[in-house]
$ cat data-v2.cif   # mmCIF, C-alpha atoms
data_my_file
#
loop_
_atom_site.label_atom_id
_atom_site.label_comp_id
_atom_site.auth_asym_id
_atom_site.auth_seq_id
_atom_site.Cartn_x
_atom_site.Cartn_y
_atom_site.Cartn_z
CA LEU O 3 -271.90 3.52 13.33
CA LEU O 4 -273.50 6.93 13.94
CA VAL O 5 -277.21 6.99 14.73
CA ASP O 6 -279.45 10.04 15.02
CA CYS O 7 -281.59 9.00 18.00
CA ARG O 8 -283.71 12.16 17.87
CA ASP O 9 -285.59 12.45 21.20
CA ALA O 10 -284.61 9.01 22.50
CA MET O 11 -281.57 8.29 24.64
CA GLY O 12 -280.92 5.58 22.06
CA ALA O 13 -278.92 2.92 23.88
CA ASN O 14 -281.25 0.06 23.00
CA LEU O 15 -281.54 1.25 19.40
CA VAL O 16 -277.79 1.53 18.91
CA ASN O 17 -277.07 -1.79 20.59
CA THR O 18 -279.73 -3.52 18.46
CA LEU O 19 -278.25 -2.06 15.29
CA CYS O 20 -274.73 -3.06 16.33
CA GLU O 21 -275.84 -6.65 16.75
CA ALA O 22 -277.96 -6.67 13.59
CA LEU O 23 -275.15 -5.29 11.44
CA SER O 24 -272.42 -7.52 12.84
CA GLY O 25 -272.79 -9.93 9.91
CA ASP O 26 -272.32 -7.11 7.42
CA VAL O 27 -269.24 -5.88 9.28
CA GLN O 28 -267.85 -9.41 9.24
CA ALA O 29 -268.42 -9.65 5.49
CA LEU O 30 -266.78 -6.26 4.87
CA CYS O 31 -263.75 -7.41 6.84
CA GLY O 32 -263.47 -10.61 4.86
CA GLY O 33 -264.32 -12.89 7.76
CA GLY O 34 -263.05 -13.13 11.28
CA THR O 35 -265.03 -12.55 14.44
CA VAL O 36 -267.01 -9.44 15.30
CA GLY O 37 -266.27 -8.70 18.93
CA LEU O 38 -268.09 -6.14 21.03
CA ARG O 39 -271.44 -5.06 19.63
CA ILE O 40 -272.39 -2.21 21.92
CA LEU O 41 -272.61 1.58 21.96
CA SER O 42 -270.09 4.03 23.37
CA ASN O 43 -271.28 6.39 26.09
CA LEU O 44 -268.76 8.95 24.85
CA ALA O 45 -271.42 10.63 22.70
CA THR O 46 -269.32 13.33 21.04
CA SER O 47 -271.98 13.88 18.38
CA ARG O 48 -274.51 14.85 21.06
CA LEU O 49 -272.82 17.80 22.74
CA ALA O 50 -274.68 20.33 24.85
CA ARG O 51 -273.13 23.81 24.98
CA VAL O 52 -274.08 26.68 27.28
CA ARG O 53 -272.54 30.09 27.92
CA ALA O 54 -273.17 32.73 30.60
CA THR O 55 -271.79 36.14 31.58
CA PHE O 56 -271.70 37.64 35.07
CA THR O 57 -270.81 41.18 36.09
CA PRO O 58 -268.40 41.84 38.97
CA ALA O 59 -271.28 43.46 40.86
CA GLU O 60 -273.24 40.21 40.70
CA LEU O 61 -270.33 38.28 42.18
CA ALA O 62 -269.31 40.70 44.93
CA THR O 63 -269.75 39.85 48.59
CA PRO O 64 -270.30 42.26 51.48
CA THR O 65 -266.57 42.18 52.17
CA ILE O 66 -264.93 41.39 48.80
CA ASP O 67 -265.02 43.55 45.67
CA GLY O 68 -266.51 41.90 42.60
CA ALA O 69 -263.42 42.39 40.47
CA ASP O 70 -261.36 40.57 43.09
CA VAL O 71 -263.89 37.72 43.14
CA VAL O 72 -263.62 37.41 39.36
CA ASP O 73 -259.83 37.14 39.58
CA ALA O 74 -260.05 34.59 42.39
CA ILE O 75 -262.51 32.46 40.40
CA LEU O 76 -260.18 32.53 37.41
CA ALA O 77 -257.28 31.48 39.62
CA ALA O 78 -259.33 28.56 40.98
CA HIS O 79 -260.26 27.51 37.46
CA GLY O 80 -256.63 27.79 36.41
CA LEU O 81 -255.67 25.26 39.07
CA ALA O 82 -258.25 22.81 37.71
CA ALA O 83 -256.88 23.31 34.21
CA ALA O 84 -253.32 22.60 35.42
CA ASP O 85 -253.91 19.77 37.88
CA PRO O 86 -256.05 16.66 37.17
CA TYR O 87 -256.44 16.06 40.91
CA ARG O 88 -258.21 19.40 41.27
CA ALA O 89 -260.01 18.94 37.93
CA CYS O 90 -261.58 15.73 39.25
CA THR O 91 -263.20 17.52 42.20
CA HIS O 92 -264.05 20.54 40.03
CA ASN O 93 -265.94 18.23 37.65
CA LYS O 94 -267.56 16.24 40.43
CA GLY O 95 -269.23 19.47 41.50
CA VAL O 96 -270.47 20.14 37.97
CA MET O 97 -271.95 16.65 37.88
CA ASN O 98 -273.67 17.20 41.25
CA ALA O 99 -276.11 19.41 39.35
CA ILE O 100 -276.22 17.57 36.03
CA SER O 101 -276.76 14.16 37.63
CA SER O 102 -279.46 15.54 39.94
CA VAL O 103 -281.47 16.76 36.96
CA ALA O 104 -280.80 13.47 35.17
CA VAL O 105 -282.16 11.43 38.08
CA ALA O 106 -285.16 13.73 38.50
CA THR O 107 -286.11 13.38 34.82
CA GLY O 108 -285.61 9.64 34.46
CA GLN O 109 -282.32 9.69 32.54
CA ASP O 110 -279.46 7.19 32.66
CA TRP O 111 -277.33 9.38 34.93
CA ARG O 112 -274.48 6.85 34.98
CA ALA O 113 -274.18 7.04 31.20
CA VAL O 114 -274.24 10.85 31.34
CA GLU O 115 -271.53 10.90 34.02
CA ALA O 116 -269.34 8.39 32.19
CA GLY O 117 -269.53 10.36 28.96
CA ALA O 118 -268.90 13.71 30.63
CA HIS O 119 -265.79 12.56 32.49
CA ALA O 120 -264.44 10.69 29.45
CA TYR O 121 -264.88 13.81 27.32
CA CYS O 122 -262.66 15.71 29.74
CA GLY O 123 -259.94 13.15 29.14
CA VAL O 124 -259.92 13.40 25.36
CA GLY O 125 -256.57 14.99 24.66
CA ALA O 126 -253.26 15.24 26.46
CA THR O 127 -254.66 15.14 29.99
CA TYR O 128 -257.86 15.17 32.06
CA GLY O 129 -259.16 18.70 32.54
CA PRO O 130 -262.13 20.78 33.74
CA MET O 131 -265.55 20.54 32.11
CA THR O 132 -266.01 24.29 32.28
CA ALA O 133 -263.97 27.17 30.90
CA TRP O 134 -263.92 30.58 32.58
CA SER O 135 -262.39 33.81 31.27
CA LYS O 136 -262.55 37.56 31.81
CA ALA O 137 -264.05 39.77 29.12
CA ALA O 138 -262.63 43.14 28.15
CA ASP O 139 -265.24 44.86 30.32
CA GLY O 140 -264.20 42.83 33.36
CA CYS O 141 -267.18 40.48 33.32
CA LEU O 142 -266.76 36.78 34.02
CA GLU O 143 -267.63 34.50 31.12
CA GLY O 144 -268.29 30.79 31.54
CA VAL O 145 -268.72 28.01 28.99
CA LEU O 146 -269.65 24.35 29.42
CA GLU O 147 -269.56 21.78 26.62
CA VAL O 148 -270.38 18.20 27.52
CA PRO O 149 -271.81 15.06 25.87
CA MET O 150 -275.47 14.71 26.82
CA ALA O 151 -277.19 11.53 25.64
CA VAL O 152 -280.64 12.07 27.13
CA GLY O 153 -284.11 11.25 25.93
CA LEU O 154 -287.81 11.95 26.32
CA VAL O 155 -289.01 8.89 24.40
CA GLY O 156 -289.03 5.55 26.18
CA GLY O 157 -287.34 4.56 29.42
CA ALA O 158 -288.10 5.98 32.86
CA ALA O 159 -288.81 9.40 31.36
CA LYS O 160 -292.07 7.93 30.05
CA VAL O 161 -293.10 5.48 32.77
CA SER O 162 -292.05 7.27 35.98
CA PRO O 163 -294.75 9.67 37.26
CA GLY O 164 -292.09 11.72 39.04
CA ALA O 165 -289.95 12.01 35.92
CA ARG O 166 -292.96 13.01 33.82
CA ALA O 167 -293.95 15.64 36.37
CA ASN O 168 -290.45 17.11 36.48
CA LEU O 169 -290.22 17.23 32.69
CA LYS O 170 -293.55 19.06 32.64
CA ILE O 171 -292.25 21.57 35.18
CA LEU O 172 -289.16 22.16 33.01
CA GLY O 173 -291.35 22.63 29.95
CA VAL O 174 -288.97 20.74 27.67
CA GLU O 175 -290.38 19.20 24.51
CA LYS O 176 -287.19 17.87 22.91
CA ALA O 177 -284.21 15.94 24.21
CA ALA O 178 -281.94 18.78 23.08
CA ASP O 179 -283.85 21.18 25.32
CA LEU O 180 -283.38 18.91 28.34
CA ALA O 181 -279.68 18.62 27.52
CA LYS O 182 -279.37 22.41 27.60
CA VAL O 183 -281.14 22.64 30.95
CA MET O 184 -278.81 20.02 32.43
CA ALA O 185 -275.72 21.76 31.06
CA ALA O 186 -276.93 25.12 32.38
CA ALA O 187 -277.43 23.59 35.82
CA GLY O 188 -273.87 22.27 35.71
CA LEU O 189 -272.42 25.64 34.77
CA ALA O 190 -274.44 27.42 37.47
CA GLN O 191 -273.31 24.93 40.11
CA ASN O 192 -269.69 25.34 39.08
CA LEU O 193 -269.94 29.12 39.40
CA ALA O 194 -271.47 28.77 42.87
CA ALA O 195 -268.72 26.40 43.98
CA LEU O 196 -265.88 28.51 42.57
CA ARG O 197 -267.34 31.67 44.10
CA ALA O 198 -267.57 29.95 47.48
CA LEU O 199 -264.01 28.68 47.22
CA ALA O 200 -262.81 32.14 46.18
CA THR O 201 -264.52 33.90 49.09
CA ASP O 202 -265.78 32.27 52.30
CA GLY O 203 -264.60 28.72 51.55
CA ILE O 204 -266.71 25.71 50.66
CA GLN O 205 -267.23 24.46 54.21
CA LYS O 206 -269.47 27.34 55.30
CA GLY O 207 -272.19 26.17 52.95
CA HIS O 208 -271.45 22.47 53.41
CA MET O 209 -271.65 22.64 57.19
CA ALA O 210 -274.82 24.75 57.09
CA LEU O 211 -276.42 22.05 54.92
CA HIS O 212 -275.11 19.38 57.27
CA ALA O 213 -276.66 21.19 60.22
CA ARG O 214 -279.99 21.40 58.42
CA SER O 215 -279.92 17.68 57.66
CA ARG O 216 -279.52 17.03 61.42
CA GLY O 217 -282.32 19.42 62.27
CA ASP O 218 -279.90 21.79 63.98
CA GLN O 219 -281.28 25.24 63.30
CA GLY O 220 -279.29 27.05 65.99
CA SER O 221 -276.80 29.80 65.16
#
$ encode --input "data-v2.cif" --output "structure tokens"
Amino acid sequence: LLVDCRDAMGANLVNTLCEALSGDVQALCGGGTVGLRILSNLATSRLARVRATFTPAELATPTIDGADVVDAILAAHGLAAADPYRACTHNKGVMNAISSVAVATGQDWRAVEAGAHAYCGVGATYGPMTAWSKAADGCLEGVLEVPMAVGLVGGAAKVSPGARANLKILGVEKAADLAKVMAAAGLAQNLAALRALATDGIQKGHMALHARSRGDQGS
């Protein structure tokens, strides 16, 4: 059963239809018992796709040439593509951004996370949500494709003052627009994490944030 939910997340709609149509399914099958009457959060018909390009100059650090940073990022991504243990942490970082936007805009972040991780496991093995490559001109190109069942109609997105305010700030008018914003946030976060891993290491930023959370503003 495929349902075009338009600007709604659609869980209640799909579940209601599944239950309402169970008798028809039973009749089509010539009897028997209709078991589970519920949606799947693996929403492969609601994919959000984003793409971005970065020049070596944009990725360079004061001590590392941009072209070397590009190669190091590609090596880090290659490890995620080859090893599901690394892919899990790679994707957790992507979802740090996506889930944050989901929570801020009143979305079912658990459904979004479940669908995103499941989508990475469709195929031979679990892999990274993002894909990074080097263009002929040496620029770094990133792509993220992920299921994004989000909505602006009904749910917390309508009743939560905070969610409504954040949606107004984003300026989104359709669920598809919000899905793109969330995917873009995920791709941007992944670039930031891979760049950190490829240069200074992830702990420099993590420990600086930890120090701020303790109110330690020294060195």
$ resolve_selection --input "data-v2.cif" --expression "the PyMOL selection byres ((chain O and resi 172) around 12)" --output "short mmCIF file (atom, residue, chain, number, x, y, z; two decimals) with C-alpha atoms, in the frame of the given file"
data_model
loop_
_atom_site.label_atom_id
_atom_site.label_comp_id
_atom_site.auth_asym_id
_atom_site.auth_seq_id
_atom_site.Cartn_x
_atom_site.Cartn_y
_atom_site.Cartn_z
CA VAL O 103 -281.47 16.76 36.96
CA ALA O 106 -285.16 13.73 38.50
CA THR O 107 -286.11 13.38 34.82
CA ALA O 165 -289.95 12.01 35.92
CA ARG O 166 -292.96 13.01 33.82
CA ALA O 167 -293.95 15.64 36.37
CA ASN O 168 -290.45 17.11 36.48
CA LEU O 169 -290.22 17.23 32.69
CA LYS O 170 -293.55 19.06 32.64
CA ILE O 171 -292.25 21.57 35.18
CA GLY O 173 -291.35 22.63 29.95
CA VAL O 174 -288.97 20.74 27.67
CA GLU O 175 -290.38 19.20 24.51
CA LYS O 176 -287.19 17.87 22.91
CA ALA O 177 -284.21 15.94 24.21
CA ASP O 179 -283.85 21.18 25.32
CA LEU O 180 -283.38 18.91 28.34
CA ALA O 181 -279.68 18.62 27.52
CA LYS O 182 -279.37 22.41 27.60
CA VAL O 183 -281.14 22.64 30.95
CA MET O 184 -278.81 20.02 32.43
#
$ atom_distance --input "data-v2.cif" --atom1 "atom CA of O:Ile40" --atom2 "atom CA of O:His119"
19.3 Å
$ residues_around --input "data-v2.cif" --residues "O:Arg8" --least-positions-apart "4" --cutoff "10 Å" --atoms "only C-alpha atoms" --output "tab-separated table (two decimals) with C-alpha atoms, in the frame of the given file"
chain	number	residue	atom	x	y	z
O	12	GLY	CA	-280.92	5.58	22.06
O	152	VAL	CA	-280.64	12.07	27.13
O	153	GLY	CA	-284.11	11.25	25.93
O	154	LEU	CA	-287.81	11.95	26.32
O	155	VAL	CA	-289.01	8.89	24.40
O	176	LYS	CA	-287.19	17.87	22.91
O	177	ALA	CA	-284.21	15.94	24.21
O	178	ALA	CA	-281.94	18.78	23.08
$ axis_aligned_box --input "data-v2.cif" --around "stretch 192-200 of chain O" --padding-each-side "4 Å" --output "JSON"
{"center_x": -267.1, "center_y": 28.7, "center_z": 43.3, "size_x": 16.7, "size_y": 14.8, "size_z": 16.4}
$ closest_residue --input "data-v2.cif" --among "O:Ala113, O:Val96, O:Val145, O:Val71" --to "O:Arg51" --atoms "all atoms listed in the file"
O:Val145
$ residues_near_point --input "data-v2.cif" --point "(-267.2, 27.5, 28.3)" --cutoff "9 Å" --atoms "all atoms listed in the file" --output "tab-separated table (two decimals) with C-alpha atoms, in the coordinates of the input"
chain	number	residue	atom	x	y	z
O	51	ARG	CA	-273.13	23.81	24.98
O	52	VAL	CA	-274.08	26.68	27.28
O	53	ARG	CA	-272.54	30.09	27.92
O	54	ALA	CA	-273.17	32.73	30.60
O	131	MET	CA	-265.55	20.54	32.11
O	132	THR	CA	-266.01	24.29	32.28
O	133	ALA	CA	-263.97	27.17	30.90
O	134	TRP	CA	-263.92	30.58	32.58
O	135	SER	CA	-262.39	33.81	31.27
O	143	GLU	CA	-267.63	34.50	31.12
O	144	GLY	CA	-268.29	30.79	31.54
O	145	VAL	CA	-268.72	28.01	28.99
O	146	LEU	CA	-269.65	24.35	29.42
O	147	GLU	CA	-269.56	21.78	26.62
O	189	LEU	CA	-272.42	25.64	34.77
$ closest_residue --input "data-v2.cif" --among "O:Val105, O:Ala198, O:Ala45, O:Ile75" --to "O:Tyr121" --atoms "only C-alpha atoms"
O:Ala45
$ build_atoms --input "data-v2.cif" --residues "stretch 161-172 of chain O" --atoms "all heavy atoms" --output "PDB file, in the frame of the given file"
ATOM      1  N   VAL O 161    -292.305   6.309  31.857  1.00  0.00           N
ATOM      2  CA  VAL O 161    -293.100   5.480  32.770  1.00  0.00           C
ATOM      3  C   VAL O 161    -293.097   5.970  34.211  1.00  0.00           C
ATOM      4  O   VAL O 161    -293.976   5.603  34.989  1.00  0.00           O
ATOM      5  CB  VAL O 161    -292.607   4.010  32.725  1.00  0.00           C
ATOM      6  CG1 VAL O 161    -292.714   3.448  31.321  1.00  0.00           C
ATOM      7  CG2 VAL O 161    -291.162   3.891  33.235  1.00  0.00           C
ATOM      8  N   SER O 162    -292.124   6.784  34.601  1.00  0.00           N
ATOM      9  CA  SER O 162    -292.050   7.270  35.980  1.00  0.00           C
ATOM     10  C   SER O 162    -292.924   8.510  36.151  1.00  0.00           C
ATOM     11  O   SER O 162    -292.679   9.530  35.491  1.00  0.00           O
ATOM     12  CB  SER O 162    -290.612   7.602  36.359  1.00  0.00           C
ATOM     13  OG  SER O 162    -290.568   8.336  37.573  1.00  0.00           O
ATOM     14  N   PRO O 163    -293.919   8.482  37.036  1.00  0.00           N
ATOM     15  CA  PRO O 163    -294.750   9.670  37.260  1.00  0.00           C
ATOM     16  C   PRO O 163    -293.927  10.871  37.721  1.00  0.00           C
ATOM     17  O   PRO O 163    -294.191  12.003  37.299  1.00  0.00           O
ATOM     18  CB  PRO O 163    -295.728   9.217  38.355  1.00  0.00           C
ATOM     19  CG  PRO O 163    -295.784   7.723  38.228  1.00  0.00           C
ATOM     20  CD  PRO O 163    -294.389   7.317  37.827  1.00  0.00           C
ATOM     21  N   GLY O 164    -292.927  10.629  38.572  1.00  0.00           N
ATOM     22  CA  GLY O 164    -292.090  11.720  39.040  1.00  0.00           C
ATOM     23  C   GLY O 164    -291.296  12.347  37.914  1.00  0.00           C
ATOM     24  O   GLY O 164    -291.190  13.580  37.813  1.00  0.00           O
ATOM     25  N   ALA O 165    -290.721  11.501  37.051  1.00  0.00           N
ATOM     26  CA  ALA O 165    -289.950  12.010  35.920  1.00  0.00           C
ATOM     27  C   ALA O 165    -290.846  12.807  34.975  1.00  0.00           C
ATOM     28  O   ALA O 165    -290.460  13.882  34.495  1.00  0.00           O
ATOM     29  CB  ALA O 165    -289.286  10.857  35.171  1.00  0.00           C
ATOM     30  N   ARG O 166    -292.039  12.301  34.711  1.00  0.00           N
ATOM     31  CA  ARG O 166    -292.960  13.010  33.820  1.00  0.00           C
ATOM     32  C   ARG O 166    -293.356  14.363  34.405  1.00  0.00           C
ATOM     33  O   ARG O 166    -293.443  15.366  33.686  1.00  0.00           O
ATOM     34  CB  ARG O 166    -294.214  12.158  33.553  1.00  0.00           C
ATOM     35  CG  ARG O 166    -293.960  10.886  32.766  1.00  0.00           C
ATOM     36  CD  ARG O 166    -295.235  10.372  32.107  1.00  0.00           C
ATOM     37  NE  ARG O 166    -296.326  10.220  33.053  1.00  0.00           N
ATOM     38  CZ  ARG O 166    -296.586   9.121  33.740  1.00  0.00           C
ATOM     39  NH1 ARG O 166    -295.788   8.064  33.586  1.00  0.00           N
ATOM     40  NH2 ARG O 166    -297.609   9.053  34.572  1.00  0.00           N
ATOM     41  N   ALA O 167    -293.584  14.378  35.718  1.00  0.00           N
ATOM     42  CA  ALA O 167    -293.950  15.640  36.370  1.00  0.00           C
ATOM     43  C   ALA O 167    -292.816  16.649  36.291  1.00  0.00           C
ATOM     44  O   ALA O 167    -293.040  17.840  36.015  1.00  0.00           O
ATOM     45  CB  ALA O 167    -294.328  15.377  37.827  1.00  0.00           C
ATOM     46  N   ASN O 168    -291.591  16.194  36.519  1.00  0.00           N
ATOM     47  CA  ASN O 168    -290.450  17.110  36.480  1.00  0.00           C
ATOM     48  C   ASN O 168    -290.187  17.626  35.069  1.00  0.00           C
ATOM     49  O   ASN O 168    -289.822  18.799  34.888  1.00  0.00           O
ATOM     50  CB  ASN O 168    -289.206  16.408  37.028  1.00  0.00           C
ATOM     51  CG  ASN O 168    -289.293  16.192  38.524  1.00  0.00           C
ATOM     52  OD1 ASN O 168    -289.889  16.989  39.239  1.00  0.00           O
ATOM     53  ND2 ASN O 168    -288.704  15.113  39.017  1.00  0.00           N
ATOM     54  N   LEU O 169    -290.380  16.788  34.080  1.00  0.00           N
ATOM     55  CA  LEU O 169    -290.220  17.230  32.690  1.00  0.00           C
ATOM     56  C   LEU O 169    -291.286  18.269  32.337  1.00  0.00           C
ATOM     57  O   LEU O 169    -291.010  19.228  31.610  1.00  0.00           O
ATOM     58  CB  LEU O 169    -290.299  16.029  31.740  1.00  0.00           C
ATOM     59  CG  LEU O 169    -289.091  15.093  31.757  1.00  0.00           C
ATOM     60  CD1 LEU O 169    -289.402  13.801  31.026  1.00  0.00           C
ATOM     61  CD2 LEU O 169    -287.865  15.776  31.141  1.00  0.00           C
ATOM     62  N   LYS O 170    -292.483  18.080  32.872  1.00  0.00           N
ATOM     63  CA  LYS O 170    -293.550  19.060  32.640  1.00  0.00           C
ATOM     64  C   LYS O 170    -293.203  20.389  33.281  1.00  0.00           C
ATOM     65  O   LYS O 170    -293.435  21.454  32.697  1.00  0.00           O
ATOM     66  CB  LYS O 170    -294.864  18.519  33.180  1.00  0.00           C
ATOM     67  CG  LYS O 170    -296.060  19.421  32.894  1.00  0.00           C
ATOM     68  CD  LYS O 170    -297.352  18.808  33.386  1.00  0.00           C
ATOM     69  CE  LYS O 170    -298.550  19.713  33.090  1.00  0.00           C
ATOM     70  NZ  LYS O 170    -299.827  19.107  33.566  1.00  0.00           N
ATOM     71  N   ILE O 171    -292.656  20.338  34.493  1.00  0.00           N
ATOM     72  CA  ILE O 171    -292.250  21.570  35.180  1.00  0.00           C
ATOM     73  C   ILE O 171    -291.184  22.307  34.362  1.00  0.00           C
ATOM     74  O   ILE O 171    -291.217  23.536  34.229  1.00  0.00           O
ATOM     75  CB  ILE O 171    -291.718  21.247  36.585  1.00  0.00           C
ATOM     76  CG1 ILE O 171    -292.856  20.776  37.491  1.00  0.00           C
ATOM     77  CG2 ILE O 171    -291.031  22.472  37.204  1.00  0.00           C
ATOM     78  CD1 ILE O 171    -292.399  20.232  38.826  1.00  0.00           C
ATOM     79  N   LEU O 172    -290.231  21.549  33.809  1.00  0.00           N
ATOM     80  CA  LEU O 172    -289.160  22.160  33.010  1.00  0.00           C
ATOM     81  C   LEU O 172    -289.688  22.717  31.693  1.00  0.00           C
ATOM     82  O   LEU O 172    -289.084  23.638  31.121  1.00  0.00           O
ATOM     83  CB  LEU O 172    -288.063  21.133  32.729  1.00  0.00           C
ATOM     84  CG  LEU O 172    -287.210  20.699  33.916  1.00  0.00           C
ATOM     85  CD1 LEU O 172    -286.251  19.587  33.500  1.00  0.00           C
ATOM     86  CD2 LEU O 172    -286.428  21.880  34.484  1.00  0.00           C
TER      87      LEU O 172
END
